Structures are given as structure tokens and as C-alpha cells.
$ cat data_35.txt   # compact mmCIF, C-alpha atoms
# COMPACT_ATOMS: atom_id res chain seq x y z
CA MET A 323 130.53 109.63 107.83
CA VAL A 324 129.35 107.19 110.47
CA SER A 325 129.18 109.86 113.16
CA GLU A 326 127.25 112.05 110.73
CA MET A 327 124.69 109.28 110.25
CA THR A 328 124.31 108.71 113.99
CA GLY A 329 123.89 112.45 114.41
CA ILE A 330 121.06 112.49 111.90
CA ILE A 331 119.39 109.46 113.49
CA GLU A 332 119.70 111.00 116.94
CA GLY A 333 118.19 114.21 115.65
CA ALA A 334 115.29 112.34 114.08
CA ILE A 335 114.58 110.40 117.27
CA PHE A 336 114.77 113.58 119.30
CA ALA A 337 112.35 115.27 116.89
CA ILE A 338 109.83 112.44 117.31
CA VAL A 339 110.17 112.44 121.10
CA ALA A 340 109.87 116.22 121.25
CA LEU A 341 106.77 116.15 119.06
CA VAL A 342 105.16 113.54 121.32
CA LEU A 343 106.13 115.54 124.39
CA ILE A 344 104.66 118.78 123.05
CA SER A 345 101.46 117.14 121.85
CA PHE A 346 100.88 115.49 125.23
CA ALA A 347 101.62 118.79 126.98
CA ILE A 348 99.04 120.57 124.78
CA LEU A 349 96.58 117.72 125.35
CA THR A 350 96.97 118.20 129.10
CA VAL A 351 95.75 121.77 128.82
CA VAL A 352 93.16 121.31 126.07
CA SER A 353 91.52 118.04 127.11
CA ARG A 354 87.98 118.41 128.47
CA ASP A 355 87.99 115.18 130.46
CA ILE A 356 89.95 115.67 133.67
CA VAL A 357 91.20 112.09 133.83
CA ARG A 358 92.49 112.23 130.26
CA ALA A 359 94.23 115.49 131.12
CA ALA A 360 95.91 113.83 134.12
CA LEU A 361 96.98 110.85 132.03
CA ALA A 362 98.37 113.12 129.32
CA LEU A 363 100.33 114.95 132.01
CA VAL A 364 101.75 111.64 133.25
CA LEU A 365 102.72 110.67 129.70
CA SER A 366 104.40 114.01 129.03
CA MET A 367 106.40 113.59 132.27
CA PHE A 368 107.40 110.15 131.05
CA THR A 369 108.53 111.59 127.72
CA VAL A 370 110.63 114.17 129.57
CA ALA A 371 112.36 111.19 131.23
CA ILE A 372 113.09 109.79 127.76
CA VAL A 373 114.62 113.11 126.75
CA TYR A 374 116.85 113.03 129.85
CA ILE A 375 117.98 109.50 129.04
CA MET A 376 118.75 110.54 125.45
CA LEU A 377 120.93 113.32 126.85
CA ASN A 378 122.93 110.63 128.71
CA ALA A 379 121.53 111.60 132.12
CA GLN A 380 120.18 108.15 133.01
CA PHE A 381 119.96 108.77 136.74
CA LEU A 382 117.99 111.98 136.27
CA GLY A 383 115.69 110.22 133.81
CA ILE A 384 114.91 107.36 136.17
CA VAL A 385 114.40 109.70 139.11
CA GLN A 386 112.04 111.67 136.88
CA ILE A 387 110.00 108.50 136.34
CA LEU A 388 110.14 107.61 140.04
CA VAL A 389 109.08 111.04 141.30
CA TYR A 390 106.91 112.57 138.61
CA VAL A 391 105.24 109.49 137.13
CA GLY A 392 105.33 107.10 140.08
CA ALA A 393 104.56 109.55 142.90
CA ILE A 394 103.11 112.83 141.65
CA GLY A 395 101.22 111.29 138.73
CA VAL A 396 99.69 108.64 140.98
CA LEU A 397 98.71 111.25 143.59
CA ILE A 398 97.07 113.44 140.92
CA LEU A 399 95.11 110.47 139.59
CA PHE A 400 94.10 109.50 143.12
CA ALA A 401 92.83 113.03 143.76
CA VAL A 402 91.04 113.17 140.39
CA MET A 403 89.23 109.95 141.19
CA LEU A 404 87.61 111.70 144.16
CA THR A 405 85.97 114.33 141.92
CA LYS A 406 82.50 114.05 140.45
CA LYS A 407 82.43 111.95 137.32
CA ASN A 408 80.25 112.88 134.34
CA MET A 409 81.60 110.43 131.81
CA GLY A 410 78.74 108.33 130.45
CA SER A 411 76.53 108.82 133.51
CA GLU A 412 72.78 108.24 133.31
CA ASN A 413 71.72 111.89 132.79
CA ASN A 414 74.41 112.57 130.21
CA ASP A 415 72.95 110.90 127.18
CA MET B 71 138.54 70.24 131.83
CA ILE B 72 137.71 71.83 128.51
CA THR B 73 138.58 75.49 128.22
CA MET B 74 137.35 77.78 125.48
CA SER B 75 139.79 79.94 123.56
CA ALA B 76 139.63 83.68 124.08
CA GLU B 77 138.34 84.40 120.55
CA SER B 78 135.38 82.03 120.76
CA ILE B 79 134.39 83.57 124.08
CA ASP B 80 134.51 87.01 122.48
CA ILE B 81 132.19 85.82 119.73
CA ILE B 82 129.74 84.07 122.01
CA PHE B 83 129.63 86.62 124.77
CA ASN B 84 129.76 89.96 123.13
CA PRO B 85 127.28 92.37 124.70
CA TRP B 86 124.89 92.40 121.74
CA LEU B 87 124.47 88.66 121.79
CA ARG B 88 123.92 88.71 125.51
CA THR B 89 121.23 91.34 125.05
CA LEU B 90 119.64 89.03 122.51
CA LEU B 91 119.86 86.16 124.97
CA GLY B 92 118.22 88.35 127.62
CA LEU B 93 115.40 89.21 125.22
CA CYS B 94 114.91 85.50 124.49
CA MET B 95 114.64 84.93 128.23
CA ILE B 96 111.86 87.54 128.31
CA GLY B 97 110.01 85.32 125.84
CA VAL B 98 110.66 82.39 128.16
CA VAL B 99 109.10 84.36 131.02
CA PHE B 100 105.94 84.73 128.94
CA GLY B 101 105.79 80.99 128.53
CA GLY B 102 106.59 80.75 132.23
CA ALA B 103 103.50 82.79 133.06
CA MET B 104 101.39 80.11 131.36
CA VAL B 105 103.15 77.46 133.42
CA VAL B 106 102.48 79.42 136.60
CA VAL B 107 98.78 79.67 135.73
CA TRP B 108 98.69 75.90 135.31
CA PHE B 109 100.71 75.43 138.51
CA GLU B 110 98.35 77.61 140.49
CA ARG B 111 95.22 75.85 139.24
CA LYS B 112 96.69 72.44 139.90
CA LEU B 113 98.02 73.31 143.33
CA SER B 114 94.83 75.08 144.36
CA GLY B 115 92.83 72.09 143.20
CA ASP B 116 95.01 69.78 145.24
CA ILE B 117 94.92 71.96 148.36
CA GLN B 118 91.16 72.39 148.24
CA PHE B 119 90.47 68.79 147.29
CA ARG B 120 88.60 69.91 144.19
CA LEU B 121 87.45 67.86 141.30
CA GLY B 122 87.77 69.75 138.08
CA PRO B 123 90.72 71.56 136.56
CA LYS B 124 93.36 69.20 137.90
CA TYR B 125 92.02 66.18 135.99
CA VAL B 126 91.84 67.68 132.48
CA GLY B 127 94.38 65.76 130.45
CA PRO B 128 97.77 64.59 131.78
CA PHE B 129 98.53 66.53 135.01
CA GLY B 130 95.66 68.87 134.18
CA LEU B 131 97.69 70.32 131.33
CA PHE B 132 94.76 70.56 128.93
CA GLN B 133 93.02 73.03 131.24
CA LEU B 134 95.60 75.54 130.01
CA VAL B 135 94.59 74.91 126.42
CA ALA B 136 90.93 75.23 127.34
CA ASP B 137 91.62 78.52 129.14
CA ALA B 138 93.54 79.90 126.19
CA ILE B 139 90.82 78.95 123.68
CA LYS B 140 88.16 80.47 125.90
CA LEU B 141 90.09 83.74 126.28
CA MET B 142 90.76 84.03 122.55
CA THR B 143 87.28 83.21 121.29
CA LYS B 144 85.23 85.17 123.80
CA GLU B 145 83.38 88.18 122.46
CA ASP B 146 85.32 91.39 122.96
CA LEU B 147 82.82 93.56 124.83
CA ILE B 148 83.22 97.27 125.38
CA PRO B 149 80.49 98.79 127.57
CA SER B 150 78.60 101.51 125.68
CA LYS B 151 79.15 104.10 128.42
CA ALA B 152 82.84 103.33 128.79
CA ASP B 153 85.65 105.66 127.85
CA ARG B 154 86.66 103.81 124.70
CA LEU B 155 90.15 105.24 124.24
CA LEU B 156 91.22 104.49 127.80
CA PHE B 157 89.42 101.15 127.75
CA VAL B 158 91.39 100.01 124.71
CA SER B 159 94.76 101.41 125.76
CA ALA B 160 94.67 100.17 129.37
CA PRO B 161 95.97 96.64 128.60
CA ILE B 162 98.76 98.20 126.53
CA ALA B 163 99.81 100.43 129.42
CA LEU B 164 99.76 97.57 131.92
CA MET B 165 101.70 95.17 129.71
CA GLY B 166 104.14 97.95 128.77
CA SER B 167 105.04 98.58 132.38
CA VAL B 168 105.64 94.86 132.90
CA PHE B 169 107.82 94.71 129.77
CA MET B 170 109.88 97.62 131.03
CA MET B 171 110.51 95.83 134.29
CA LEU B 172 111.55 92.61 132.53
CA VAL B 173 114.30 94.43 130.67
CA ALA B 174 116.45 95.05 133.74
CA ILE B 175 116.01 91.73 135.56
CA PRO B 176 118.87 89.25 135.17
CA PHE B 177 117.66 85.70 134.51
CA GLY B 178 120.82 83.95 135.62
CA ALA B 179 124.42 83.84 134.47
CA VAL B 180 126.80 81.95 132.25
CA VAL B 181 130.16 81.14 133.80
CA VAL B 182 133.01 80.57 131.38
CA ASN B 183 136.60 80.12 132.59
CA GLY B 184 135.67 81.49 135.98
CA VAL B 185 134.19 84.71 134.58
CA GLU B 186 130.49 85.42 135.10
CA TYR B 187 128.36 86.80 132.29
CA PRO B 188 124.90 87.71 133.57
CA ILE B 189 121.99 87.10 131.18
CA VAL B 190 120.17 90.41 131.16
CA ALA B 191 118.71 92.45 128.32
CA THR B 192 120.18 95.78 129.48
CA GLU B 193 122.98 96.24 131.95
CA MET B 194 122.57 99.43 133.92
CA ASP B 195 124.43 100.86 136.89
CA ILE B 196 121.15 101.80 138.54
CA SER B 197 118.96 98.86 137.63
CA LEU B 198 117.50 98.49 141.15
CA LEU B 199 116.30 102.09 141.07
CA TYR B 200 114.97 101.51 137.57
CA ILE B 201 112.97 98.46 138.65
CA GLU B 202 111.53 100.37 141.60
CA ALA B 203 110.62 103.29 139.34
CA VAL B 204 108.99 101.18 136.64
CA SER B 205 107.09 98.98 139.10
CA SER B 206 105.34 102.09 140.37
CA ILE B 207 103.98 102.75 136.87
CA ALA B 208 101.94 99.52 136.80
CA ILE B 209 99.33 101.16 139.04
CA ILE B 210 98.55 103.67 136.28
CA GLY B 211 97.69 100.83 133.89
CA ALA B 212 95.45 99.26 136.53
CA PHE B 213 93.82 102.64 137.13
CA MET B 214 93.07 102.97 133.40
CA TYR B 215 91.48 99.52 133.49
CA ALA B 216 89.25 100.48 136.39
CA TYR B 217 88.34 104.05 135.54
CA SER B 218 87.54 103.54 131.88
CA SER B 219 85.01 100.77 132.50
CA ASN B 220 82.64 103.26 134.17
CA ASN B 221 81.54 100.83 136.84
CA LYS B 222 81.30 101.60 140.55
CA TYR B 223 82.80 98.28 141.56
CA SER B 224 85.77 98.88 139.31
CA LEU B 225 86.21 102.36 140.73
CA LEU B 226 86.10 100.99 144.29
CA GLY B 227 88.71 98.45 143.29
CA ALA B 228 90.90 101.23 141.93
CA PHE B 229 90.51 103.20 145.17
CA ARG B 230 91.69 100.26 147.18
CA ASN B 231 94.48 99.60 144.72
CA PHE B 232 95.76 103.16 145.06
CA ALA B 233 95.51 103.19 148.85
CA ARG B 234 97.41 99.92 149.03
CA MET B 235 100.09 100.76 146.48
CA ILE B 236 100.87 104.17 148.01
CA GLY B 237 101.29 102.47 151.38
CA TYR B 238 103.44 99.56 150.29
CA GLU B 239 105.77 101.28 147.82
CA VAL B 240 107.38 103.07 150.78
CA PRO B 241 108.55 100.06 152.86
CA LEU B 242 109.46 98.26 149.62
CA GLY B 243 111.67 101.15 148.53
CA ILE B 244 113.29 101.55 151.95
CA THR B 245 114.19 97.85 152.12
CA MET B 246 115.67 98.03 148.64
CA VAL B 247 117.71 101.05 149.76
CA SER B 248 119.01 99.18 152.80
CA ILE B 249 120.20 96.37 150.52
CA ALA B 250 121.86 98.90 148.24
CA ILE B 251 123.61 100.49 151.23
CA MET B 252 125.02 97.13 152.34
CA VAL B 253 126.38 96.38 148.88
CA GLY B 254 127.36 99.92 147.99
CA SER B 255 125.80 99.61 144.55
CA LEU B 256 122.43 99.98 142.85
CA ASN B 257 123.35 97.47 140.16
CA ILE B 258 121.23 94.38 140.67
CA VAL B 259 123.89 92.12 139.14
CA GLU B 260 126.46 93.35 141.66
CA ILE B 261 123.93 92.89 144.46
CA ALA B 262 123.40 89.27 143.44
CA GLN B 263 127.15 88.68 143.19
CA ALA B 264 127.77 90.27 146.61
CA GLN B 265 125.83 87.42 148.26
CA SER B 266 128.42 84.88 147.28
CA PRO B 267 129.35 83.70 150.81
CA ILE B 268 126.29 84.77 152.86
CA TRP B 269 122.75 85.37 151.60
CA PHE B 270 121.25 88.66 152.68
CA ILE B 271 118.29 86.90 154.26
CA PHE B 272 120.69 85.96 157.08
CA LEU B 273 122.15 89.44 157.39
CA GLN B 274 118.80 91.24 157.20
CA PRO B 275 116.03 88.84 158.28
CA LEU B 276 113.77 91.76 159.20
CA GLY B 277 114.36 93.31 155.81
CA PHE B 278 113.40 90.07 154.11
CA LEU B 279 110.16 89.87 156.08
CA VAL B 280 109.19 93.46 155.25
CA PHE B 281 110.21 93.07 151.62
CA PHE B 282 108.28 89.84 151.16
CA VAL B 283 105.07 91.18 152.68
CA ALA B 284 105.32 94.47 150.79
CA LEU B 285 106.02 92.62 147.57
CA MET B 286 102.99 90.38 148.08
CA ALA B 287 100.89 93.52 148.50
CA ASP B 288 102.54 95.12 145.50
CA MET B 289 101.72 92.13 143.33
CA GLY B 290 98.16 91.92 144.70
CA ARG B 291 98.45 88.30 145.74
CA LEU B 292 95.70 86.90 147.86
CA PRO B 293 95.92 88.19 151.39
CA PHE B 294 96.24 91.59 149.69
CA ASP B 295 93.95 91.38 146.67
CA GLN B 296 91.42 93.93 147.90
CA ASN B 297 91.28 95.52 144.45
CA GLU B 298 89.88 92.28 143.10
CA SER B 299 88.02 90.70 145.99
CA GLU B 300 85.52 88.61 144.06
CA GLU B 301 82.98 88.34 146.86
CA GLU B 302 82.37 92.06 147.41
CA LEU B 303 83.55 93.79 144.27
CA VAL B 304 82.92 91.13 141.61
CA ALA B 305 86.57 91.13 140.47
CA GLY B 306 86.93 94.88 141.03
CA TRP B 307 89.13 96.67 138.55
CA ILE B 308 88.68 94.07 135.82
CA THR B 309 84.90 93.51 136.05
CA GLU B 310 83.93 94.95 132.67
CA TYR B 311 86.66 93.24 130.72
CA SER B 312 86.29 90.06 128.75
CA GLY B 313 88.21 88.04 126.23
CA MET B 314 91.84 88.80 125.49
CA ARG B 315 91.80 92.25 127.12
CA PHE B 316 90.93 90.53 130.38
CA GLY B 317 93.52 87.89 129.54
CA LEU B 318 96.25 90.51 129.21
CA GLY B 319 95.45 91.97 132.62
CA PHE B 320 95.48 88.50 134.10
CA PHE B 321 98.73 87.70 132.33
CA ALA B 322 100.38 90.89 133.55
CA GLU B 323 99.57 89.84 137.12
CA TYR B 324 101.22 86.48 136.67
CA ILE B 325 104.31 87.95 135.00
CA HIS B 326 104.48 90.38 137.90
CA LEU B 327 104.40 87.37 140.23
CA ILE B 328 107.33 85.75 138.41
CA LEU B 329 109.27 89.02 138.42
CA GLY B 330 108.61 89.59 142.10
CA SER B 331 109.85 86.16 143.09
CA MET B 332 112.94 86.64 140.93
CA LEU B 333 113.52 89.91 142.75
CA VAL B 334 113.27 88.14 146.12
CA VAL B 335 115.87 85.60 144.98
CA LEU B 336 118.17 88.29 143.56
CA LEU B 337 118.03 90.55 146.61
CA PHE B 338 117.81 88.10 149.50
CA LEU B 339 118.21 84.47 148.51
CA GLY B 340 121.66 84.54 146.95
CA GLY B 341 120.93 84.97 143.24
CA TRP B 342 122.69 82.43 141.06
CA ASN B 343 125.89 82.06 143.10
CA LEU B 344 127.25 78.55 143.28
CA PRO B 345 130.55 77.28 144.71
CA ALA B 346 133.39 77.95 142.27
CA ALA B 347 134.30 74.23 142.24
CA LEU B 348 131.00 73.49 140.47
CA THR B 349 130.94 76.36 138.03
CA ASN B 350 134.54 75.87 136.93
CA ILE B 351 133.50 72.71 135.09
CA THR B 352 132.76 74.24 131.69
CA ILE B 353 129.55 72.43 130.83
CA LEU B 354 128.05 72.86 134.28
CA GLY B 355 129.09 76.51 134.37
CA ILE B 356 127.14 77.29 131.23
CA PHE B 357 123.71 76.29 132.45
CA LEU B 358 123.84 75.38 136.15
CA PRO B 359 123.72 78.93 137.64
CA THR B 360 120.68 79.81 135.52
CA VAL B 361 118.89 76.59 136.40
CA TYR B 362 119.71 77.10 140.08
CA PHE B 363 118.37 80.65 139.95
CA LEU B 364 115.16 79.67 138.16
CA LEU B 365 114.60 76.77 140.57
CA LYS B 366 114.87 79.09 143.56
CA SER B 367 112.43 81.50 141.91
CA ALA B 368 110.03 78.61 141.34
CA LEU B 369 110.25 77.75 145.03
CA VAL B 370 109.36 81.32 145.98
CA ILE B 371 106.40 81.21 143.56
CA LEU B 372 105.29 77.96 145.19
CA THR B 373 105.41 79.59 148.64
CA ILE B 374 103.39 82.57 147.44
CA ILE B 375 100.73 80.37 145.83
CA MET B 376 100.42 78.23 148.95
CA LEU B 377 100.13 81.35 151.12
CA ARG B 378 97.09 82.22 149.03
CA TRP B 379 95.20 79.29 150.53
CA ALA B 380 96.61 79.67 154.03
CA VAL B 381 95.76 83.31 154.78
CA PRO B 382 92.31 84.91 154.42
CA ARG B 383 91.94 88.30 152.76
CA PHE B 384 92.39 91.37 154.99
CA ARG B 385 90.02 94.30 155.10
CA ILE B 386 91.34 97.36 153.30
CA ASP B 387 91.73 99.41 156.52
CA GLN B 388 93.71 96.57 158.08
CA VAL B 389 95.97 96.52 155.04
CA VAL B 390 96.65 100.25 155.19
CA ASP B 391 97.22 99.98 158.96
CA LEU B 392 99.70 97.17 158.46
CA SER B 393 101.65 99.22 155.97
CA TRP B 394 101.92 102.55 157.76
CA LYS B 395 101.93 101.41 161.39
CA ARG B 396 103.92 98.18 161.21
CA LEU B 397 105.94 97.76 158.04
CA LEU B 398 107.17 101.35 157.71
CA PRO B 399 108.73 101.51 161.23
CA LEU B 400 110.16 98.01 160.76
CA SER B 401 111.70 98.94 157.43
CA LEU B 402 113.24 102.07 158.98
CA LEU B 403 114.64 99.90 161.79
CA ASN B 404 116.07 97.60 159.14
CA LEU B 405 117.62 100.59 157.37
CA GLY B 406 119.42 101.56 160.59
CA TRP B 407 120.57 97.96 161.07
CA ALA B 408 121.83 97.86 157.48
CA ILE B 409 123.84 101.06 157.98
CA ILE B 410 125.39 99.75 161.22
CA LEU B 411 126.16 96.39 159.64
CA GLY B 412 127.56 98.09 156.56
CA ILE B 413 129.92 100.19 158.67
CA TYR B 414 130.91 97.13 160.72
CA LEU B 415 131.63 95.07 157.60
CA GLY B 416 133.51 98.03 156.13
CA VAL B 417 131.66 98.54 152.86
$ encode --input "data_35.txt" --output "C-alpha cells"
Amino acid sequence: MVSEMTGIIEGAIFAIVALVLISFAILTVVSRDIVRAALALVLSMFTVAIVYIMLNAQFLGIVQILVYVGAIGVLILFAVMLTKKNMGSENND
Amino acid sequence: MITMSAESIDIIFNPWLRTLLGLCMIGVVFGGAMVVVWFERKLSGDIQFRLGPKYVGPFGLFQLVADAIKLMTKEDLIPSKADRLLFVSAPIALMGSVFMMLVAIPFGAVVVNGVEYPIVATEMDISLLYIEAVSSIAIIGAFMYAYSSNNKYSLLGAFRNFARMIGYEVPLGITMVSIAIMVGSLNIVEIAQAQSPIWFIFLQPLGFLVFFVALMADMGRLPFDQNESEEELVAGWITEYSGMRFGLGFFAEYIHLILGSMLVVLLFLGGWNLPAALTNITILGIFLPTVYFLLKSALVILTIIMLRWAVPRFRIDQVVDLSWKRLLPLSLLNLGWAIILGIYLGV
């Protein structure tokens, strides 16, 4: 009975996390603002780390954060910052 | 000597209650950030011979109240050309990363009948790696602050922030790895306990130097606060912010300062270890290690604040040079030394 309940709760949490993950992944592709796309990518990477931790692979989850969020995400944002920015500029009213 | 019975220890120190205690300590750290703000204003005032903040109320304590009222009542401005979503969520991201770091940091220990129970919200086998991973997220929050305000000074601040963080995460990580190699564990509690006879600052003085400098840069304390530099960039990444959103960014910096100094104490300055003769006395054992640990952290904070007024700010190219040309080779040298010492000590 108790294990059944924990199973249901785990399933519910996984469903929420998976939904967040998929929506951020779609946002990465759909978003028109390049910085928002990069940030959505970073967040979906982070959610993948949560999925790993839920599957009891803590080390993999933390390395995922370290490599994909901390290193690759930061490098992508750094590169994006060098591109031309249209957001709210003077001629874009 | 009073000894507790086994059952009462089980009740008091079951893991859930200790998690709760750790979470309470996180609340204490938030109060501590306020104290550090006061401490910095007071100390800066004293060092610079200023009139002003240090005379408001007893010991300048009312300046804190005045600051808090000002932050809370200020109008919450959002620039019309700003990216509203990012502008609003940036403080959440920054504070979230700081919260995540707080979870794995032990705030001391309770010693009962010669057994140590660390006060930490979550006990992990890889907490050092976790702290390193989560501390690298903070930059994304700062980036959101800077980019969303749509201001060239903020963007310049973010550039500098990125250039600095990418440079200093590397020596910081390598020094942490050399500590982990000496201890043979990534668990920060075990690392603190391993320094029971000799502090690691004596075994790895070079490592301490590199770690301290890289940590100062990581926290953005004064010789390394190029992202803020008031004189050229008008507070850089946080220019467009006002009121409590600004306050949260400011607060996150101070909590980061507290965390960083705790990390220095945990990794190099011996953690909470006291001679067993002291901690075996029940009443002393319950609070003395924690007090000792927090006192040492306060001393490190004091040093960092005083360094702020002793060293002028570097140029950004000097900072990047220092990281890649000096600290990185030194940290690699320290890694080699740690491996040799580890083999010699037979870890």
C-alpha cells in the first residue's frame, strides 16, 4: 500500500518534470528572441539533471549541471551576447 | 560528566530533525547577511574615517533599519524597453542558485558522546562537486540581471563578469580537486573531519592562496568587482534595478560572501574540529564546535572586507591575465603537490 502510494507520487513528480522539460525544449526551438532561446536551453538541461537525480544517478545529475549548465550554457550565453541586439532598441518601436 | 541515553539521542538526532536544523541554519545565514552588511558599513566607515553610517544609533545599528526601509519603500521601476520577463525573473534565478548552494554547506556539528553529527540540510557523498556545480549557475542569474535591463553599461558589466568567471572557475575547481585527492572523498563533511590534526592550509599553502584569490574573484569582492565598478560602469550589471529587486541582488552577493568564507574554513582552516577533551564535555560538545566554526568564518569575512580597502580594483585585462597566466599554472602545480603528498601520506 505504502509502496503503491510512493509509486504514484513518483510518477506524478516525474510527469511534472517531464512536462517542464518538454515545454522548455519546445521553447528553445520556437522562441524568437535568441537570448530567451538560450536560457530555455539552459533550463531544459537543468531539468534533465533533475530527471537523472530522480533516477538515483546523483553523480550523473550533478555532472550534467556542471558541464551543460555551468560550462556549455555559460559559453552559449557569452557567444549570444556578442550578437546584434534588437530588443527594445531605438529604431524598433 | 552527563551522558545521554541512546534513545534520547535517537530522538534528537534522527536525520529528519537534523535536516530541519540545517534548514533553520539557512534562515540564520539570511540574518547573518544583514549583520555582514552592517559590519561592512561600520568597518568601512572606521577605516576611511567617515562620518555618517557608523554613528546612526548604537554601533550604527539603525543604519541597517534605514537601509531596509529604503529598499522596501522605493518605487519598483522597470525600464520601458527592458525585457520584462527576464527582468522580473532574474532576482529569482540569482537567489535560487544561492539557496541551492546553502543546502549542501555544513554549518557546524553537534558532538554527543564522542560522535559527531554535522548540521547540514542534505548529506551527500559528492557535496563538494555539487557546490562547485551550483556556484557556476550564479553567473546565469547575474547575466539575466544585466541583459534584461537593456543598458550598455549593464551589458559591459555582464561581459566582464563572464570573462572573469570563466577564468576563475578553472583554478577554483582544480584546487578543490586537489583537496579531494588528499582526502580521498568528495564529501565536504569528511573533508572537514580529515583536518583534525593538521589544517590543510599547512599542507597546501599554495592551494590556499590560489583558492582564496579565485574565491574572491568568484564572489566579486572589491579587487575583482569589475562587473560593478561604480566609477566607469555606474554599478554595471545592476544599474537599472531599484527597490527590492536591487536588494535581492545585493543580498545574494552578501550571502555568497558568507558561503565563500565558510567554504574556506571547511576546506583549509580546519572546519569545526576541536580537541576531543573539550568536546567530550556534553554541554560544550553541543554548541562549541558550531560556535568555533562560525567564529572562524567571521574572521575570514573580516579579512575579505578589510582587503576591500587595502587593494585597488584591477583592470579587466589584468584580472584575466592573473587567472590564466598565474593562477592556473599555480593550481596545476598544487595539484601535482597534492598527488605526491597524498601518495606519501598513503591515502
$ residues_around --input "data_35.txt" --residues "segment 218-221 of chain B" --least-positions-apart "4" --cutoff "10 Å" --atoms "all atoms listed in the file" --output "ChimeraX atom specification"
/A:357,407-411 /B:148-160,213-214,225-227,306-311
$ residues_around --input "data_35.txt" --residues "Leu276 of chain B" --least-positions-apart "3" --cutoff "7 Å" --atoms "only C-alpha atoms" --output "VMD selection string"
chain B and resid 279 to 280 404
$ residues_around --input "data_35.txt" --residues "Ser255 of chain B" --least-positions-apart "6" --cutoff "12 Å" --atoms "all atoms listed in the file" --output "mmCIF file with C-alpha atoms, in the coordinates of the input"
data_model
loop_
_atom_site.group_PDB
_atom_site.id
_atom_site.type_symbol
_atom_site.label_atom_id
_atom_site.label_comp_id
_atom_site.auth_asym_id
_atom_site.auth_seq_id
_atom_site.Cartn_x
_atom_site.Cartn_y
_atom_site.Cartn_z
ATOM 1 C CA MET B 194 122.570 99.430 133.920
ATOM 2 C CA ASP B 195 124.430 100.860 136.890
ATOM 3 C CA ILE B 196 121.150 101.800 138.540
ATOM 4 C CA SER B 197 118.960 98.860 137.630
ATOM 5 C CA LEU B 198 117.500 98.490 141.150
ATOM 6 C CA LEU B 199 116.300 102.090 141.070
ATOM 7 C CA MET B 246 115.670 98.030 148.640
ATOM 8 C CA VAL B 247 117.710 101.050 149.760
ATOM 9 C CA SER B 248 119.010 99.180 152.800
ATOM 10 C CA ILE B 249 120.200 96.370 150.520
ATOM 11 C CA ILE B 261 123.930 92.890 144.460
ATOM 12 C CA ALA B 262 123.400 89.270 143.440
ATOM 13 C CA GLN B 263 127.150 88.680 143.190
ATOM 14 C CA ALA B 264 127.770 90.270 146.610
ATOM 15 C CA VAL B 417 131.660 98.540 152.860
#
$ closest_residue --input "data_35.txt" --among "A:Leu397, A:Leu349, A:Leu388, A:Ala340" --to "Thr369 of chain A" --atoms "only C-alpha atoms"
A:Ala340
$ interface_residues --input "data_35.txt" --of "chain A" --to "chain B" --cutoff "7 Å" --atoms "all atoms listed in the file" --output "list of chain:residue names"
A:Ile384, A:Ile387, A:Leu388, A:Val391, A:Gly392, A:Val396, A:Phe400, A:Gly410
$ closest_residue --input "data_35.txt" --among "A:Ile375, A:Leu404, A:Ile331, A:Ala359" --to "Ala347 of chain A" --atoms "only C-alpha atoms"
A:Ala359
$ atom_distance --input "data_35.txt" --atom1 "atom CA of Leu343 of chain A" --atom2 "atom CA of Ile162 of chain B"
19.0 Å
$ atom_distance --input "data_35.txt" --atom1 "atom CA of Pro382 of chain B" --atom2 "atom CA of Leu292 of chain B"
7.6 Å
$ closest_residue --input "data_35.txt" --among "B:Val389, B:Ile325, B:Leu141, B:Leu131" --to "Tyr238 of chain B" --atoms "all atoms listed in the file"
B:Val389
$ atom_distance --input "data_35.txt" --atom1 "atom CA of Gly92 of chain B" --atom2 "atom CA of Gly184 of chain B"
20.5 Å
$ residues_near_point --input "data_35.txt" --point "(118.6, 81.8, 144.7)" --cutoff "10 Å" --atoms "only C-alpha atoms" --output "PyMOL selection string"
chain B and resi 178+262+265+269+331-344+359-370
$ residues_around --input "data_35.txt" --residues "Arg111 of chain B" --least-positions-apart "3" --cutoff "10 Å" --atoms "only C-alpha atoms" --output "list in words"
Val105, Val106, Val107, Trp108, Ser114, Gly115, Asp116, Ile117, Gly122, Pro123, Lys124, Gly130, Leu131, Gln133, Leu134 and Ile375 of chain B
$ residues_around --input "data_35.txt" --residues "Met367 of chain A" --least-positions-apart "2" --cutoff "12 Å" --atoms "all atoms listed in the file" --output "PyMOL selection string"
chain A and resi 339-340+342-344+346-347+350+360-365+369-374+383-395
$ closest_residue --input "data_35.txt" --among "B:Phe100, B:Phe272, B:Phe177, B:Phe109" --to "Met376 of chain B" --atoms "only C-alpha atoms"
B:Phe109
$ closest_residue --input "data_35.txt" --among "B:Asn183, B:Ser224, B:Asn84, B:Gln274" --to "Leu400 of chain B" --atoms "only C-alpha atoms"
B:Gln274
$ closest_residue --input "data_35.txt" --among "B:Leu405, B:Met165, B:Ile328, B:Leu242" --to "Met104 of chain B" --atoms "all atoms listed in the file"
B:Ile328
$ build_atoms --input "data_35.txt" --residues "segment 313-324 of chain B" --atoms "N, CA and C atoms" --output "mmCIF file, in the frame of the given file"
data_model
loop_
_atom_site.group_PDB
_atom_site.id
_atom_site.type_symbol
_atom_site.label_atom_id
_atom_site.label_comp_id
_atom_site.auth_asym_id
_atom_site.auth_seq_id
_atom_site.Cartn_x
_atom_site.Cartn_y
_atom_site.Cartn_z
ATOM 1 N N GLY B 313 87.366 88.458 127.332
ATOM 2 C CA GLY B 313 88.210 88.040 126.230
ATOM 3 C C GLY B 313 89.684 88.336 126.462
ATOM 4 N N MET B 314 90.389 88.687 125.402
ATOM 5 C CA MET B 314 91.840 88.800 125.490
ATOM 6 C C MET B 314 92.266 90.025 126.283
ATOM 7 N N ARG B 315 91.430 91.086 126.313
ATOM 8 C CA ARG B 315 91.800 92.250 127.120
ATOM 9 C C ARG B 315 91.858 91.858 128.595
ATOM 10 N N PHE B 316 90.880 91.066 129.021
ATOM 11 C CA PHE B 316 90.930 90.530 130.380
ATOM 12 C C PHE B 316 92.155 89.640 130.534
ATOM 13 N N GLY B 317 92.395 88.818 129.477
ATOM 14 C CA GLY B 317 93.520 87.890 129.540
ATOM 15 C C GLY B 317 94.832 88.616 129.726
ATOM 16 N N LEU B 318 94.989 89.779 129.080
ATOM 17 C CA LEU B 318 96.250 90.510 129.210
ATOM 18 C C LEU B 318 96.437 91.035 130.636
ATOM 19 N N GLY B 319 95.347 91.511 131.240
ATOM 20 C CA GLY B 319 95.450 91.970 132.620
ATOM 21 C C GLY B 319 95.840 90.840 133.553
ATOM 22 N N PHE B 320 95.229 89.701 133.330
ATOM 23 C CA PHE B 320 95.480 88.500 134.100
ATOM 24 C C PHE B 320 96.933 88.050 133.933
ATOM 25 N N PHE B 321 97.368 88.098 132.675
ATOM 26 C CA PHE B 321 98.730 87.700 132.330
ATOM 27 C C PHE B 321 99.740 88.610 132.989
ATOM 28 N N ALA B 322 99.458 89.925 132.952
ATOM 29 C CA ALA B 322 100.380 90.890 133.550
ATOM 30 C C ALA B 322 100.552 90.583 135.035
ATOM 31 N N GLU B 323 99.463 90.179 135.706
ATOM 32 C CA GLU B 323 99.570 89.840 137.120
ATOM 33 C C GLU B 323 100.497 88.666 137.339
ATOM 34 N N TYR B 324 100.378 87.662 136.469
ATOM 35 C CA TYR B 324 101.220 86.480 136.670
ATOM 36 C C TYR B 324 102.679 86.764 136.339
#
